[in-house]
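Undergrad: I'm passing along work03.pdb; it holds PDB, C-alpha atoms.
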ATOM      1  CA  ILE A   1       0.000   0.000   0.000
ATOM      2  CA  GLY A   2       2.938   2.275   0.769
ATOM      3  CA  LEU A   3       4.413   1.716  -2.702
ATOM      4  CA  LEU A   4       1.013   2.429  -4.274
ATOM      5  CA  ILE A   5       0.661   5.691  -2.346
ATOM      6  CA  ALA A   6       4.250   6.723  -3.132
ATOM      7  CA  TYR A   7       3.706   5.962  -6.826
ATOM      8  CA  LEU A   8       0.446   7.928  -6.919
ATOM      9  CA  VAL A   9       1.972  10.911  -5.107
ATOM     10  CA  MET A  10       5.451  11.039  -6.640
ATOM     11  CA  VAL A  11       4.996  10.030 -10.283
ATOM     12  CA  LYS A  12       3.416  12.658 -12.509
ATOM     13  CA  ASN A  13       2.980  10.638 -15.730
ATOM     14  CA  LYS A  14       1.454   7.429 -14.445
ATOM     15  CA  GLU A  15       1.294   4.296 -16.571
ATOM     16  CA  PHE A  16      -2.262   2.958 -16.139
ATOM     17  CA  TRP A  17      -1.312  -0.722 -16.081
ATOM     18  CA  LEU A  18       1.535  -0.148 -13.639
ATOM     19  CA  THR A  19      -0.920   1.668 -11.352
ATOM     20  CA  MET A  20      -3.283  -1.286 -11.647
ATOM     21  CA  LEU A  21      -0.374  -3.631 -10.878
ATOM     22  CA  TYR A  22       0.293  -1.769  -7.616
ATOM     23  CA  ILE A  23      -3.418  -1.968  -6.760
ATOM     24  CA  CYS A  24      -3.407  -5.727  -7.436
ATOM     25  CA  VAL A  25      -0.397  -6.216  -5.153
ATOM     26  CA  SER A  26      -2.282  -4.335  -2.419
ATOM     27  CA  VAL A  27      -5.351  -6.548  -2.926
ATOM     28  CA  VAL A  28      -3.197  -9.702  -2.752
ATOM     29  CA  ASN A  29      -1.629  -8.544   0.512
ATOM     30  CA  LEU A  30      -5.039  -7.593   1.928
ATOM     31  CA  GLY A  31      -6.239 -11.114   1.129
ATOM     32  CA  TYR A  32      -3.244 -12.699   2.848
ATOM     33  CA  THR A  33      -3.821 -10.469   5.881
ATOM     34  CA  LEU A  34      -7.485 -11.496   6.040
ATOM     35  CA  LEU A  35      -6.531 -15.147   5.625
ATOM     36  CA  SER A  36      -3.926 -15.036   8.384
ATOM     37  CA  SER A  37      -6.388 -13.495  10.842
ATOM     38  CA  ALA A  38      -9.274 -15.859  10.025
ATOM     39  CA  LYS A  39     -10.985 -17.745  12.809
ATOM     40  CA  THR A  40     -13.388 -19.722  10.604
ATOM     41  CA  VAL A  41     -12.972 -21.740   7.427
ATOM     42  CA  ASN A  42     -15.433 -19.532   5.543
ATOM     43  CA  PHE A  43     -13.542 -16.349   6.439
ATOM     44  CA  ALA A  44     -10.243 -18.010   5.531
ATOM     45  CA  ILE A  45     -11.674 -18.983   2.136
ATOM     46  CA  PHE A  46     -12.874 -15.395   1.723
ATOM     47  CA  GLY A  47      -9.354 -14.088   2.471
ATOM     48  CA  ASN A  48      -7.916 -16.630   0.030
ATOM     49  CA  ASP A  49     -10.414 -15.495  -2.626
ATOM     50  CA  VAL A  50      -9.415 -11.845  -2.090
ATOM     51  CA  ALA A  51      -5.736 -12.796  -2.449
ATOM     52  CA  TYR A  52      -6.479 -14.693  -5.667
ATOM     53  CA  LEU A  53      -8.531 -11.767  -7.006
ATOM     54  CA  GLY A  54      -5.430  -9.613  -6.846
ATOM     55  CA  SER A  55      -3.143 -12.396  -8.008
ATOM     56  CA  VAL A  56      -5.190 -13.371 -11.054
ATOM     57  CA  PHE A  57      -5.234  -9.806 -12.344
ATOM     58  CA  LEU A  58      -1.678  -9.051 -11.191
ATOM     59  CA  SER A  59      -0.194 -11.210 -13.947
ATOM     60  CA  MET A  60      -2.469  -9.511 -16.493
ATOM     61  CA  CYS A  61      -1.383  -6.041 -15.337
ATOM     62  CA  MET A  62       2.264  -7.085 -15.389
ATOM     63  CA  PHE A  63       1.886  -8.385 -18.953
ATOM     64  CA  LEU A  64       0.119  -5.233 -20.174
ATOM     65  CA  THR A  65       2.732  -3.040 -18.454
ATOM     66  CA  ILE A  66       5.477  -4.940 -20.279
ATOM     67  CA  VAL A  67       3.610  -4.589 -23.579
ATOM     68  CA  ARG A  68       3.595  -0.800 -23.101
ATOM     69  CA  LEU A  69       7.233  -0.683 -21.902
ATOM     70  CA  CYS A  70       8.248  -2.608 -25.020
ATOM     71  CA  GLY A  71       6.686   0.053 -27.245
ATOM     72  CA  PHE A  72       3.518  -1.724 -28.363
ATOM     73  CA  ASP A  73      -0.001  -0.339 -28.294
ATOM     74  CA  ILE A  74      -2.665  -2.091 -26.254
ATOM     75  CA  LYS A  75      -5.918  -2.514 -28.117
ATOM     76  CA  LYS A  76      -9.341  -2.868 -26.507
ATOM     77  CA  THR A  77      -9.568  -6.434 -27.791
ATOM     78  CA  HIS A  78      -6.345  -7.309 -25.943
ATOM     79  CA  VAL A  79      -7.754  -5.891 -22.721
ATOM     80  CA  THR A  80     -11.081  -7.650 -23.263
ATOM     81  CA  VAL A  81      -9.383 -11.014 -23.845
ATOM     82  CA  CYS A  82      -7.117 -10.569 -20.800
ATOM     83  CA  LEU A  83     -10.001  -9.490 -18.557
ATOM     84  CA  SER A  84     -12.139 -12.392 -19.785
ATOM     85  CA  LEU A  85      -9.377 -14.928 -19.121
ATOM     86  CA  GLY A  86      -8.821 -13.417 -15.687
ATOM     87  CA  ALA A  87     -12.533 -13.504 -14.870
ATOM     88  CA  VAL A  88     -12.807 -17.167 -15.888
ATOM     89  CA  MET A  89      -9.709 -18.047 -13.867
ATOM     90  CA  TYR A  90     -11.019 -16.177 -10.846
ATOM     91  CA  LEU A  91     -14.422 -17.862 -11.104
ATOM     92  CA  ILE A  92     -12.667 -21.243 -11.074
ATOM     93  CA  VAL A  93     -10.744 -20.255  -7.940
ATOM     94  CA  ALA A  94     -13.838 -18.761  -6.284
ATOM     95  CA  THR A  95     -15.590 -22.164  -6.358
ATOM     96  CA  SER A  96     -13.580 -23.066  -3.243
ATOM     97  CA  GLY A  97     -15.932 -24.021  -0.456
ATOM     98  CA  PHE A  98     -18.854 -24.569  -2.867
ATOM     99  CA  LEU A  99     -17.644 -26.946  -5.548
ATOM    100  CA  PRO A 100     -14.694 -29.356  -5.505
ATOM    101  CA  TRP A 101     -13.168 -27.935  -8.699
ATOM    102  CA  TYR A 102     -10.239 -25.883  -7.421
ATOM    103  CA  TYR A 103      -9.962 -27.381  -3.949
ATOM    104  CA  LYS A 104     -11.620 -30.707  -3.147
ATOM    105  CA  SER A 105     -11.573 -29.882   0.548
ATOM    106  CA  VAL A 106     -10.401 -27.049   2.770
ATOM    107  CA  GLU A 107      -9.676 -27.100   6.502
ATOM    108  CA  LEU A 108      -8.442 -24.355   8.793
ATOM    109  CA  GLU A 109      -5.398 -24.764  11.002
ATOM    110  CA  ILE A 110      -4.225 -22.123  13.468
ATOM    111  CA  ILE A 111      -0.430 -22.066  13.870
ATOM    112  CA  ASP A 112       1.024 -19.643  16.434
ATOM    113  CA  GLY A 113      -2.092 -17.460  16.158
ATOM    114  CA  SER A 114      -2.133 -17.318  12.353
ATOM    115  CA  ALA A 115      -4.593 -19.164  10.186
ATOM    116  CA  LYS A 116      -3.478 -21.521   7.457
ATOM    117  CA  LEU A 117      -5.653 -23.312   4.933
ATOM    118  CA  ILE A 118      -5.030 -27.016   4.571
ATOM    119  CA  LYS A 119      -6.161 -27.779   1.029
ATOM    120  CA  GLU A 120      -6.711 -30.838  -1.061
ATOM    121  CA  TYR A 121      -6.371 -29.794  -4.681
ATOM    122  CA  GLY A 122      -9.182 -30.371  -7.139
ATOM    123  CA  PRO A 123      -9.079 -31.210 -10.856
ATOM    124  CA  LEU A 124      -8.904 -27.557 -11.994
ATOM    125  CA  HIS A 125      -6.115 -26.503  -9.634
ATOM    126  CA  ASN A 126      -3.504 -26.834 -12.390
ATOM    127  CA  ALA A 127      -5.484 -24.356 -14.514
ATOM    128  CA  TYR A 128      -3.953 -21.520 -12.468
ATOM    129  CA  LEU A 129      -0.441 -22.802 -13.176
ATOM    130  CA  VAL A 130      -1.229 -22.957 -16.907
ATOM    131  CA  TYR A 131      -2.731 -19.439 -16.671
ATOM    132  CA  LEU A 132       0.422 -18.071 -15.009
ATOM    133  CA  LEU A 133       2.829 -19.871 -17.335
ATOM    134  CA  GLY A 134       0.846 -18.558 -20.303
ATOM    135  CA  TYR A 135       1.234 -14.991 -19.085
ATOM    136  CA  PHE A 136       4.937 -15.436 -18.357
ATOM    137  CA  ALA A 137       5.461 -16.928 -21.824
ATOM    138  CA  ALA A 138       3.561 -13.977 -23.317
ATOM    139  CA  MET A 139       5.762 -11.552 -21.371
ATOM    140  CA  ILE A 140       8.985 -13.177 -22.563
ATOM    141  CA  GLY A 141       7.573 -13.434 -26.097
ATOM    142  CA  THR A 142       6.674  -9.728 -26.047
ATOM    143  CA  ILE A 143      10.192  -8.779 -24.947
ATOM    144  CA  ILE A 144      11.796 -10.942 -27.655
ATOM    145  CA  HIS A 145       9.399  -9.614 -30.304
ATOM    146  CA  SER A 146      10.157  -6.055 -29.189
ATOM    147  CA  VAL A 147      13.908  -6.579 -29.542
ATOM    148  CA  ASN A 148      13.462  -8.222 -32.964
ATOM    149  CA  LYS A 149      11.238  -5.367 -34.184
ATOM    150  CA  LYS A 150      13.585  -2.784 -32.628
ATOM    151  CA  LYS A 151      10.650  -1.384 -30.621
ATOM    152  CA  CYS A 152      12.548  -1.498 -27.341
ATOM    153  CA  ALA A 153      14.818   1.530 -26.945
ATOM    154  CA  ASP A 154      17.748  -0.486 -25.635
ATOM    155  CA  THR A 155      18.587  -4.191 -25.434
ATOM    156  CA  LYS A 156      19.906  -3.595 -21.891
ATOM    157  CA  PHE A 157      16.454  -2.321 -20.962
ATOM    158  CA  ALA A 158      14.890  -5.402 -22.561
ATOM    159  CA  GLY A 159      17.308  -7.573 -20.568
ATOM    160  CA  PHE A 160      16.351  -5.731 -17.390
ATOM    161  CA  ILE A 161      12.633  -6.335 -18.050
ATOM    162  CA  ALA A 162      13.339 -10.010 -18.846
ATOM    163  CA  GLY A 163      15.245 -10.269 -15.555
ATOM    164  CA  ILE A 164      12.225  -8.911 -13.686
ATOM    165  CA  VAL A 165       9.959 -11.438 -15.425
ATOM    166  CA  CYS A 166      12.318 -14.329 -14.645
ATOM    167  CA  SER A 167      12.600 -13.301 -10.991
ATOM    168  CA  ASN A 168       8.786 -13.198 -10.824
ATOM    169  CA  ILE A 169       8.633 -16.705 -12.258
ATOM    170  CA  VAL A 170      10.906 -17.864  -9.420
ATOM    171  CA  VAL A 171       8.864 -15.951  -6.810
ATOM    172  CA  TRP A 172       5.554 -17.363  -8.056
TER     173      TRP A 172
END
Go through the file and emit its structure as C-alpha cells.

TA:
Amino acid sequence: IGLLIAYLVMVKNKEFWLTMLYICVSVVNLGYTLLSSAKTVNFAIFGNDVAYLGSVFLSMCMFLTIVRLCGFDIKKTHVTVCLSLGAVMYLIVATSGFLPWYYKSVELEIIDGSAKLIKEYGPLHNAYLVYLLGYFAAMIGTIIHSVNKKKCADTKFAGFIAGIVCSNIVVW
C-alpha cells in the first residue's frame, strides 16, 4: 500500500497498467492479511479469494505493463481477452468451499495465532499454473518480439525487463 501511495503521489505521468499492478499487489496482501487473521474456514476462504482476485489480475497487469514498456499499443480487444481470461480463472478459484473444482476440501489450522488453509487440490487446480505460465510466456515473447522489431529503446532495458519477469517466475 505504501508503494502504491508513493507511486500515486510522486509520479506525474502514471502508466495505467503499472498503477493497476500496484493496486493488485495491495489486494493480494489484503487477502493474505485477512486469511492469516481468520478464525473460521469460511472467512479463511474469503481471504484466500481476495488474495487470488489480486493475483489473477496481477499477472495480467504485469503483462500489459510490459507490452507498453516494449513500445507496443494495447488494443481494446487485448484488454477484453485478458479481462475475460482473468474472470474465468477467478471464477474457477472462487468455487472453493462450494464446488470441488479448485480445492476438493479445505480445513483451517491455526499455527502460532495465524490461520493456514489445509487444502486438497481439485481437478482444476492446475489451470492456475497454466494461466500463469501462459502470461509469463507472453511476457517473454513480447520482450523478444520487441527486440526483434527494434521497438525497445535499448537491449539492456529489454534484458532488465526479462530479468524482472524471470525473478517473478521464481517468486511465483

Undergrad: Measuring atom to atom with all atoms listed in the file, identify which of A:Phe63, A:Tyr52, A:Tyr131, A:Tyr121 is nearest to Val93 in chain A.

TA: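 The shortest atom-to-atom distance to Val93 in chain A comes from A:Tyr52.
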
Undergrad: Apply the PyMOL selection byres ((chain A and resi 27) around 12) to the displayed file and report the matching residues as a PyMOL selection string.

TA: chain A and resi 1+4+20-26+28-34+47-58

Undergrad: Set the distance at 10 Å and use all atoms listed in the file: which residues neighbour range 115-117 of chain A once local chain neighbours fewer than 4 positions away are removed? I'd like the list as a PyMOL selection string.

TA: chain A and resi 32-41+44-45+48+105-111

Undergrad: Could you tell me, as a ChimeraX atom specification, exactly which residues end up selected when the PyMOL selection byres ((chain A and resi 98-100) around 10) is applied to this structure?

TA: /A:92-97,101-106,120-125

Undergrad: Write the residues you've just listed into a file as an mmCIF file, in the coordinates of the input, and include C-alpha atoms for each of them.

TA:
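New file out.cif:
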data_model
loop_
_atom_site.group_PDB
_atom_site.id
_atom_site.type_symbol
_atom_site.label_atom_id
_atom_site.label_comp_id
_atom_site.auth_asym_id
_atom_site.auth_seq_id
_atom_site.Cartn_x
_atom_site.Cartn_y
_atom_site.Cartn_z
ATOM 1 C CA ILE A 92 -12.667 -21.243 -11.074
ATOM 2 C CA VAL A 93 -10.744 -20.255 -7.940
ATOM 3 C CA ALA A 94 -13.838 -18.761 -6.284
ATOM 4 C CA THR A 95 -15.590 -22.164 -6.358
ATOM 5 C CA SER A 96 -13.580 -23.066 -3.243
ATOM 6 C CA GLY A 97 -15.932 -24.021 -0.456
ATOM 7 C CA TRP A 101 -13.168 -27.935 -8.699
ATOM 8 C CA TYR A 102 -10.239 -25.883 -7.421
ATOM 9 C CA TYR A 103 -9.962 -27.381 -3.949
ATOM 10 C CA LYS A 104 -11.620 -30.707 -3.147
ATOM 11 C CA SER A 105 -11.573 -29.882 0.548
ATOM 12 C CA VAL A 106 -10.401 -27.049 2.770
ATOM 13 C CA GLU A 120 -6.711 -30.838 -1.061
ATOM 14 C CA TYR A 121 -6.371 -29.794 -4.681
ATOM 15 C CA GLY A 122 -9.182 -30.371 -7.139
ATOM 16 C CA PRO A 123 -9.079 -31.210 -10.856
ATOM 17 C CA LEU A 124 -8.904 -27.557 -11.994
ATOM 18 C CA HIS A 125 -6.115 -26.503 -9.634
#

Undergrad: Just the number, please: distance in Å from CA of Ile169 in chain A to CA of Ile5 in chain A, one decimal.

TA: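 Calculated distance between CA of Ile169 in chain A and CA of Ile5 in chain A is 25.8 Å.
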
Undergrad: Tell me which of A:Thr65, A:Ser59, A:Thr77, A:Ser114 sits closest to Leu132 in chain A, counting only C-alpha atoms.

TA: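 Nearest to Leu132 in chain A: A:Ser59.
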
Undergrad: Going by the chain IDs and residue numbers used in this file, which residues fall under the PyMOL selection byres ((chain A and resi 67) around 12)? Write them as a VMD selection string.

TA: chain A and resid 15 17 to 18 60 to 66 68 to 75 78 to 79 135 138 to 146 151 to 152 158 161

Undergrad: If I take CA of Phe136 in chain A and CA of Val88 in chain A, how far is one from the other in Å, to one decimal?

TA: 18.0 Å

Undergrad: Which distance in Å separates CA of Met89 in chain A and CA of Ala127 in chain A, to one decimal?

TA: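 Straight-line distance from CA of Met89 in chain A to CA of Ala127 in chain A works out to 7.6 Å.
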
Undergrad: My list of candidates is A:Phe16, A:Trp172, A:Tyr90, A:Phe157. Which is closest to Leu129 in chain A when distances are computed with all atoms listed in the file?

TA: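 Counting all atoms listed in the file, the residue closest to Leu129 in chain A is A:Trp172.
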
Undergrad: Let me have the centre and edge lengths in Å, one decimal, of the box along x, y and z around every listed atom of range 13-31 of chain A with 3 Å of margin on each side, as AutoDock Vina command-line options.

TA:
--center_x -1.6 --center_y -0.2 --center_z -7.3 --size_x 15.2 --size_y 27.8 --size_z 24.5

Undergrad: Can you pull range 96-129 of chain A out of that block with N, CA and C atoms and hand it back as a PDB file, in the first residue's frame?

TA:
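Saved to selection-v4.pdb:
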ATOM      1  N   SER A  96     -14.050 -22.458  -4.498  1.00  0.00           N
ATOM      2  CA  SER A  96     -13.580 -23.066  -3.243  1.00  0.00           C
ATOM      3  C   SER A  96     -14.651 -22.932  -2.172  1.00  0.00           C
ATOM      4  N   GLY A  97     -14.923 -24.020  -1.502  1.00  0.00           N
ATOM      5  CA  GLY A  97     -15.932 -24.021  -0.456  1.00  0.00           C
ATOM      6  C   GLY A  97     -17.328 -24.366  -0.964  1.00  0.00           C
ATOM      7  N   PHE A  98     -17.548 -24.265  -2.281  1.00  0.00           N
ATOM      8  CA  PHE A  98     -18.854 -24.569  -2.867  1.00  0.00           C
ATOM      9  C   PHE A  98     -18.801 -25.824  -3.734  1.00  0.00           C
ATOM     10  N   LEU A  99     -17.811 -25.833  -4.612  1.00  0.00           N
ATOM     11  CA  LEU A  99     -17.644 -26.946  -5.548  1.00  0.00           C
ATOM     12  C   LEU A  99     -16.225 -27.496  -5.423  1.00  0.00           C
ATOM     13  N   PRO A 100     -16.033 -28.758  -5.671  1.00  0.00           N
ATOM     14  CA  PRO A 100     -14.694 -29.356  -5.505  1.00  0.00           C
ATOM     15  C   PRO A 100     -13.802 -29.210  -6.744  1.00  0.00           C
ATOM     16  N   TRP A 101     -13.935 -28.114  -7.466  1.00  0.00           N
ATOM     17  CA  TRP A 101     -13.168 -27.935  -8.699  1.00  0.00           C
ATOM     18  C   TRP A 101     -11.739 -27.497  -8.431  1.00  0.00           C
ATOM     19  N   TYR A 102     -11.575 -26.425  -7.667  1.00  0.00           N
ATOM     20  CA  TYR A 102     -10.239 -25.883  -7.421  1.00  0.00           C
ATOM     21  C   TYR A 102      -9.607 -26.552  -6.201  1.00  0.00           C
ATOM     22  N   TYR A 103     -10.361 -26.626  -5.134  1.00  0.00           N
ATOM     23  CA  TYR A 103      -9.962 -27.381  -3.949  1.00  0.00           C
ATOM     24  C   TYR A 103     -11.053 -28.414  -3.672  1.00  0.00           C
ATOM     25  N   LYS A 104     -10.646 -29.666  -3.505  1.00  0.00           N
ATOM     26  CA  LYS A 104     -11.620 -30.707  -3.147  1.00  0.00           C
ATOM     27  C   LYS A 104     -12.127 -30.492  -1.727  1.00  0.00           C
ATOM     28  N   SER A 105     -11.199 -30.139  -0.843  1.00  0.00           N
ATOM     29  CA  SER A 105     -11.573 -29.882   0.548  1.00  0.00           C
ATOM     30  C   SER A 105     -10.642 -28.820   1.125  1.00  0.00           C
ATOM     31  N   VAL A 106     -11.162 -28.108   2.115  1.00  0.00           N
ATOM     32  CA  VAL A 106     -10.401 -27.049   2.770  1.00  0.00           C
ATOM     33  C   VAL A 106     -10.657 -27.142   4.268  1.00  0.00           C
ATOM     34  N   GLU A 107      -9.578 -27.119   5.041  1.00  0.00           N
ATOM     35  CA  GLU A 107      -9.676 -27.100   6.502  1.00  0.00           C
ATOM     36  C   GLU A 107      -8.821 -25.946   7.012  1.00  0.00           C
ATOM     37  N   LEU A 108      -9.167 -25.465   8.184  1.00  0.00           N
ATOM     38  CA  LEU A 108      -8.442 -24.355   8.793  1.00  0.00           C
ATOM     39  C   LEU A 108      -7.564 -24.875   9.919  1.00  0.00           C
ATOM     40  N   GLU A 109      -6.325 -24.425   9.921  1.00  0.00           N
ATOM     41  CA  GLU A 109      -5.398 -24.764  11.002  1.00  0.00           C
ATOM     42  C   GLU A 109      -4.819 -23.462  11.532  1.00  0.00           C
ATOM     43  N   ILE A 110      -4.806 -23.311  12.844  1.00  0.00           N
ATOM     44  CA  ILE A 110      -4.225 -22.123  13.468  1.00  0.00           C
ATOM     45  C   ILE A 110      -2.841 -22.510  13.993  1.00  0.00           C
ATOM     46  N   ILE A 111      -1.809 -21.800  13.479  1.00  0.00           N
ATOM     47  CA  ILE A 111      -0.430 -22.066  13.870  1.00  0.00           C
ATOM     48  C   ILE A 111       0.148 -20.785  14.455  1.00  0.00           C
ATOM     49  N   ASP A 112       0.474 -20.819  15.737  1.00  0.00           N
ATOM     50  CA  ASP A 112       1.024 -19.643  16.434  1.00  0.00           C
ATOM     51  C   ASP A 112       0.149 -18.403  16.237  1.00  0.00           C
ATOM     52  N   GLY A 113      -1.153 -18.578  16.265  1.00  0.00           N
ATOM     53  CA  GLY A 113      -2.092 -17.460  16.158  1.00  0.00           C
ATOM     54  C   GLY A 113      -2.452 -17.056  14.745  1.00  0.00           C
ATOM     55  N   SER A 114      -1.818 -17.642  13.751  1.00  0.00           N
ATOM     56  CA  SER A 114      -2.133 -17.318  12.353  1.00  0.00           C
ATOM     57  C   SER A 114      -2.846 -18.481  11.687  1.00  0.00           C
ATOM     58  N   ALA A 115      -3.816 -18.134  10.864  1.00  0.00           N
ATOM     59  CA  ALA A 115      -4.593 -19.164  10.186  1.00  0.00           C
ATOM     60  C   ALA A 115      -3.861 -19.645   8.945  1.00  0.00           C
ATOM     61  N   LYS A 116      -4.035 -20.921   8.662  1.00  0.00           N
ATOM     62  CA  LYS A 116      -3.478 -21.521   7.457  1.00  0.00           C
ATOM     63  C   LYS A 116      -4.525 -22.471   6.893  1.00  0.00           C
ATOM     64  N   LEU A 117      -4.728 -22.392   5.584  1.00  0.00           N
ATOM     65  CA  LEU A 117      -5.653 -23.312   4.933  1.00  0.00           C
ATOM     66  C   LEU A 117      -4.929 -24.604   4.591  1.00  0.00           C
ATOM     67  N   ILE A 118      -5.517 -25.701   4.970  1.00  0.00           N
ATOM     68  CA  ILE A 118      -5.030 -27.016   4.571  1.00  0.00           C
ATOM     69  C   ILE A 118      -5.941 -27.443   3.430  1.00  0.00           C
ATOM     70  N   LYS A 119      -5.354 -27.582   2.230  1.00  0.00           N
ATOM     71  CA  LYS A 119      -6.161 -27.779   1.029  1.00  0.00           C
ATOM     72  C   LYS A 119      -5.840 -29.101   0.368  1.00  0.00           C
ATOM     73  N   GLU A 120      -6.876 -29.695  -0.169  1.00  0.00           N
ATOM     74  CA  GLU A 120      -6.711 -30.838  -1.061  1.00  0.00           C
ATOM     75  C   GLU A 120      -7.104 -30.332  -2.444  1.00  0.00           C
ATOM     76  N   TYR A 121      -6.158 -30.390  -3.373  1.00  0.00           N
ATOM     77  CA  TYR A 121      -6.371 -29.794  -4.681  1.00  0.00           C
ATOM     78  C   TYR A 121      -7.384 -30.567  -5.516  1.00  0.00           C
ATOM     79  N   GLY A 122      -8.178 -29.789  -6.256  1.00  0.00           N
ATOM     80  CA  GLY A 122      -9.182 -30.371  -7.139  1.00  0.00           C
ATOM     81  C   GLY A 122      -8.664 -30.483  -8.561  1.00  0.00           C
ATOM     82  N   PRO A 123      -9.510 -30.964  -9.481  1.00  0.00           N
ATOM     83  CA  PRO A 123      -9.079 -31.210 -10.856  1.00  0.00           C
ATOM     84  C   PRO A 123      -8.700 -29.951 -11.641  1.00  0.00           C
ATOM     85  N   LEU A 124      -9.217 -28.782 -11.256  1.00  0.00           N
ATOM     86  CA  LEU A 124      -8.904 -27.557 -11.994  1.00  0.00           C
ATOM     87  C   LEU A 124      -7.798 -26.723 -11.342  1.00  0.00           C
ATOM     88  N   HIS A 125      -7.157 -27.273 -10.310  1.00  0.00           N
ATOM     89  CA  HIS A 125      -6.115 -26.503  -9.634  1.00  0.00           C
ATOM     90  C   HIS A 125      -4.950 -26.179 -10.573  1.00  0.00           C
ATOM     91  N   ASN A 126      -4.609 -27.081 -11.452  1.00  0.00           N
ATOM     92  CA  ASN A 126      -3.504 -26.834 -12.390  1.00  0.00           C
ATOM     93  C   ASN A 126      -3.832 -25.767 -13.425  1.00  0.00           C
ATOM     94  N   ALA A 127      -5.106 -25.411 -13.559  1.00  0.00           N
ATOM     95  CA  ALA A 127      -5.484 -24.356 -14.514  1.00  0.00           C
ATOM     96  C   ALA A 127      -4.790 -23.046 -14.162  1.00  0.00           C
ATOM     97  N   TYR A 128      -4.626 -22.752 -12.876  1.00  0.00           N
ATOM     98  CA  TYR A 128      -3.953 -21.520 -12.468  1.00  0.00           C
ATOM     99  C   TYR A 128      -2.483 -21.536 -12.879  1.00  0.00           C
ATOM    100  N   LEU A 129      -1.832 -22.682 -12.751  1.00  0.00           N
ATOM    101  CA  LEU A 129      -0.441 -22.802 -13.176  1.00  0.00           C
ATOM    102  C   LEU A 129      -0.322 -22.563 -14.679  1.00  0.00           C
TER     103      LEU A 129
END
